[in-house]
Amino acid sequence: MHGLLPALKRGFKRWIGWRRLGVAASVMIIAFAVTTLVRTLKGIDTGVILTALADIPRGHIGLAAICVFFAFCTLTFYDFFALRTIGKKHVPYRIAALSSFTSYSIGHNIGATVFTGGAIRFRIYSDYGLNAIDVAKICFLSGLTFWLGNIFVLSIGMAIHPDAASYMDQLPSSINRLIACGGLASIAAYLIWLSVGEKRRELGQKGWKVVLPSAPLTLVQILIGVVDLGFCAFAMYLLIPADPPIDFLSLAVVFILATLLGFASHAPGSIGVFDAAMLVALPEFGREQLLATLLVFRILYFVIPFGLAISIMGTRELWMNVVRPWQERRRLAEACAQANLPKEVTPMERERLVRQASKR
């Protein structure tokens, strides 16, 4: 028996591994979501969807857009908080905001957020002296902010309205409330564990070591995640049909569960997974009306930020790799002309002489 468990562990690592298991889980989630979505969309009248789109109040769409804007503003503090936690205080907020916005918008729309978002972060932060390990720490702490905020809001929502999750997880209200209490208890236990001592807050070894935020700072971390989710959920709440009525907290539970399923699937833009989860969890609404709501939300939360992030990154790369080198070459040529340097001087010698001339 003692030799069986190590053998199973070795066999799992050799033949399956966590990476393959994660890929298999993602494929299963996407396949189930697509099947559910296709079955749900049977008999949908596109004319009714267009009518439902026209029925959404323009003022609600405007307010939802403002909520999405503030949600992305809050999102910028994910990276800013992580940078301050690992001691990289020389990186200004504007760079943290740029990294948060572009890495999340592009990574979440393309899929495989861990890799795509990490690559974008590395591209931006490497200009400020951060290496791959620093970026990995930022990704870890940002992800921790996301999960702490989700668990806290979801636990509060399921504790008060356990029925809101029943359509999605197919569990009775008593079990959902028990899960919610477990989530709140786990956050409380985590805060207590952080308060025990600084040594316990160290994770990893040597260069990979990251020190977790203290308990008071973790409360700030949770608050960042809660405000971000609150704005996103309220944007959806503004777009949802007014009839039948639904309270904000119940919708927030459904929204967070759908978001987490989409995140776990690694599908580009959570497409299919998020939508299927929302349709399954809110059967009281007409399918056409709910699809119209999801379409507007996707435009506000996915399409527009994705286009902005691509434009920002494209403009940044053009500036850093084309415009700036051209300006540097032009400045160097003008300095050489002013210093009356001979043409046969080597580039290295020319640069040295230009620097001397500029100091005079």
# chains A, B, ... in the order shown; residues from 1 in each chain; ligands from 1

$ closest_atom_pairs --of "stretch 268-300 of chain A" --to "stretch 87-109 of chain A" --cutoff "12 Å" --atoms "only C-alpha atoms" --output "tab-separated table"
residue	atom	partner	partner_atom	distance
A:Pro268	CA	A:Asn109	CA	4.8
A:Gly269	CA	A:Asn109	CA	4.1
A:Ser270	CA	A:His108	CA	7.6
A:Ile271	CA	A:Asn109	CA	8.8
A:Arg298	CA	A:Asn109	CA	10.6
A:Ile299	CA	A:Asn109	CA	11.8
A:Leu300	CA	A:Ser105	CA	11.7

$ write_last_selection --atoms "N, CA and C atoms" --output "CSV table (one decimal), in the first residue's frame"
chain,number,residue,atom,x,y,z
A,268,PRO,N,-11.4,31.6,-26.3
A,268,PRO,CA,-11.2,33.0,-26.6
A,268,PRO,C,-12.5,33.8,-26.3
A,269,GLY,N,-12.3,34.8,-25.4
A,269,GLY,CA,-13.4,35.6,-25.0
A,269,GLY,C,-14.5,34.9,-24.2
A,270,SER,N,-14.2,33.7,-23.7
A,270,SER,CA,-15.1,32.8,-23.0
A,270,SER,C,-16.4,32.6,-23.9
A,271,ILE,N,-16.2,32.7,-25.2
A,271,ILE,CA,-17.3,32.6,-26.1
A,271,ILE,C,-18.0,31.2,-26.1
A,298,ARG,N,-21.2,41.9,-24.6
A,298,ARG,CA,-20.0,41.5,-25.3
A,298,ARG,C,-19.3,42.6,-26.0
A,299,ILE,N,-20.1,43.4,-26.7
A,299,ILE,CA,-19.6,44.6,-27.4
A,299,ILE,C,-18.9,45.5,-26.4
A,300,LEU,N,-19.6,45.8,-25.3
A,300,LEU,CA,-19.0,46.8,-24.3
A,300,LEU,C,-17.8,46.2,-23.6

$ select_by_dssp --residues "stretch 62-267 of chain A" --states "helix (DSSP H, G or I)" --output "PyMOL selection string"
chain A and resi 62-85+93-110+113-128+132-160+162-169+173-196+199-201+206-208+215-239+248-265

$ atom_distance --atom1 "atom CA of A:Tyr301" --atom2 "atom CA of A:Met236"
9.9 Å

$ residues_around --residues "A:Pro172" --least-positions-apart "4" --cutoff "9 Å" --atoms "only C-alpha atoms" --output "PyMOL selection string"
chain A and resi 162-163+166+176-177

$ residues_around --residues "A:Met158" --least-positions-apart "4" --cutoff "9 Å" --atoms "only C-alpha atoms" --output "number ranges by chain"
A: 153-154, 162-165, 173, 176-181, 249-250, 253

$ closest_atom_pairs --of "stretch 172-243 of chain A" --to "stretch 68-86 of chain A" --cutoff "9 Å" --atoms "only C-alpha atoms" --output "JSON lines"
{"residue": "A:Val210", "atom": "CA", "partner": "A:Ile86", "partner_atom": "CA", "distance": 7.0}
{"residue": "A:Val211", "atom": "CA", "partner": "A:Ile86", "partner_atom": "CA", "distance": 7.2}
{"residue": "A:Leu212", "atom": "CA", "partner": "A:Thr85", "partner_atom": "CA", "distance": 7.6}
{"residue": "A:Pro213", "atom": "CA", "partner": "A:Thr85", "partner_atom": "CA", "distance": 6.5}
{"residue": "A:Gln221", "atom": "CA", "partner": "A:Phe81", "partner_atom": "CA", "distance": 7.6}
{"residue": "A:Ile224", "atom": "CA", "partner": "A:Thr74", "partner_atom": "CA", "distance": 6.6}
{"residue": "A:Gly225", "atom": "CA", "partner": "A:Leu75", "partner_atom": "CA", "distance": 8.0}
{"residue": "A:Val227", "atom": "CA", "partner": "A:Thr74", "partner_atom": "CA", "distance": 7.0}
{"residue": "A:Asp228", "atom": "CA", "partner": "A:Ala71", "partner_atom": "CA", "distance": 4.8}
{"residue": "A:Leu229", "atom": "CA", "partner": "A:Ala71", "partner_atom": "CA", "distance": 7.3}
{"residue": "A:Gly230", "atom": "CA", "partner": "A:Ala71", "partner_atom": "CA", "distance": 8.0}
{"residue": "A:Phe231", "atom": "CA", "partner": "A:Ala71", "partner_atom": "CA", "distance": 5.2}
{"residue": "A:Cys232", "atom": "CA", "partner": "A:Val68", "partner_atom": "CA", "distance": 6.0}
{"residue": "A:Phe234", "atom": "CA", "partner": "A:Val68", "partner_atom": "CA", "distance": 8.9}
{"residue": "A:Ala235", "atom": "CA", "partner": "A:Val68", "partner_atom": "CA", "distance": 6.5}

$ select_by_dssp --residues "stretch 60-279 of chain A" --states "strand (DSSP E or B)" --output "MDAnalysis selection string"
chainID A and resid 202:203 210:211

$ decode --residues "stretch 174-192 of chain A" --atoms "N, CA and C atoms" --output "mmCIF file, in the first residue's frame"
data_model
loop_
_atom_site.group_PDB
_atom_site.id
_atom_site.type_symbol
_atom_site.label_atom_id
_atom_site.label_comp_id
_atom_site.auth_asym_id
_atom_site.auth_seq_id
_atom_site.Cartn_x
_atom_site.Cartn_y
_atom_site.Cartn_z
ATOM 1 N N SER A 174 -29.512 24.189 0.307
ATOM 2 C CA SER A 174 -28.762 23.943 1.544
ATOM 3 C C SER A 174 -27.286 23.671 1.261
ATOM 4 N N ILE A 175 -27.021 22.921 0.195
ATOM 5 C CA ILE A 175 -25.622 22.627 -0.164
ATOM 6 C C ILE A 175 -24.935 23.883 -0.671
ATOM 7 N N ASN A 176 -25.648 24.686 -1.461
ATOM 8 C CA ASN A 176 -25.055 25.936 -1.953
ATOM 9 C C ASN A 176 -24.717 26.880 -0.810
ATOM 10 N N ARG A 177 -25.597 26.955 0.181
ATOM 11 C CA ARG A 177 -25.320 27.811 1.339
ATOM 12 C C ARG A 177 -24.131 27.272 2.138
ATOM 13 N N LEU A 178 -24.015 25.958 2.206
ATOM 14 C CA LEU A 178 -22.882 25.347 2.907
ATOM 15 C C LEU A 178 -21.576 25.650 2.177
ATOM 16 N N ILE A 179 -21.605 25.599 0.841
ATOM 17 C CA ILE A 179 -20.429 25.945 0.042
ATOM 18 C C ILE A 179 -20.052 27.408 0.269
ATOM 19 N N ALA A 180 -21.062 28.270 0.330
ATOM 20 C CA ALA A 180 -20.818 29.693 0.558
ATOM 21 C C ALA A 180 -20.158 29.928 1.914
ATOM 22 N N CYS A 181 -20.657 29.260 2.932
ATOM 23 C CA CYS A 181 -20.048 29.393 4.268
ATOM 24 C C CYS A 181 -18.613 28.877 4.262
ATOM 25 N N GLY A 182 -18.377 27.795 3.501
ATOM 26 C CA GLY A 182 -17.020 27.274 3.375
ATOM 27 C C GLY A 182 -16.090 28.266 2.702
ATOM 28 N N GLY A 183 -16.601 28.985 1.669
ATOM 29 C CA GLY A 183 -15.793 29.994 0.987
ATOM 30 C C GLY A 183 -15.419 31.141 1.909
ATOM 31 N N LEU A 184 -16.392 31.616 2.678
ATOM 32 C CA LEU A 184 -16.115 32.705 3.627
ATOM 33 C C LEU A 184 -15.166 32.249 4.729
ATOM 34 N N ALA A 185 -15.351 30.998 5.178
ATOM 35 C CA ALA A 185 -14.472 30.461 6.218
ATOM 36 C C ALA A 185 -13.040 30.327 5.700
ATOM 37 N N SER A 186 -12.892 29.944 4.436
ATOM 38 C CA SER A 186 -11.545 29.785 3.864
ATOM 39 C C SER A 186 -10.829 31.132 3.755
ATOM 40 N N ILE A 187 -11.572 32.193 3.408
ATOM 41 C CA ILE A 187 -10.966 33.523 3.347
ATOM 42 C C ILE A 187 -10.565 33.988 4.747
ATOM 43 N N ALA A 188 -11.429 33.731 5.728
ATOM 44 C CA ALA A 188 -11.107 34.099 7.117
ATOM 45 C C ALA A 188 -9.877 33.338 7.602
ATOM 46 N N ALA A 189 -9.819 32.037 7.265
ATOM 47 C CA ALA A 189 -8.668 31.227 7.663
ATOM 48 C C ALA A 189 -7.392 31.726 6.986
ATOM 49 N N TYR A 190 -7.501 32.126 5.735
ATOM 50 C CA TYR A 190 -6.344 32.654 4.996
ATOM 51 C C TYR A 190 -5.831 33.941 5.648
ATOM 52 N N LEU A 191 -6.752 34.811 6.051
ATOM 53 C CA LEU A 191 -6.354 36.057 6.710
ATOM 54 C C LEU A 191 -5.687 35.786 8.061
ATOM 55 N N ILE A 192 -6.223 34.828 8.792
ATOM 56 C CA ILE A 192 -5.627 34.454 10.082
ATOM 57 C C ILE A 192 -4.238 33.871 9.872
#
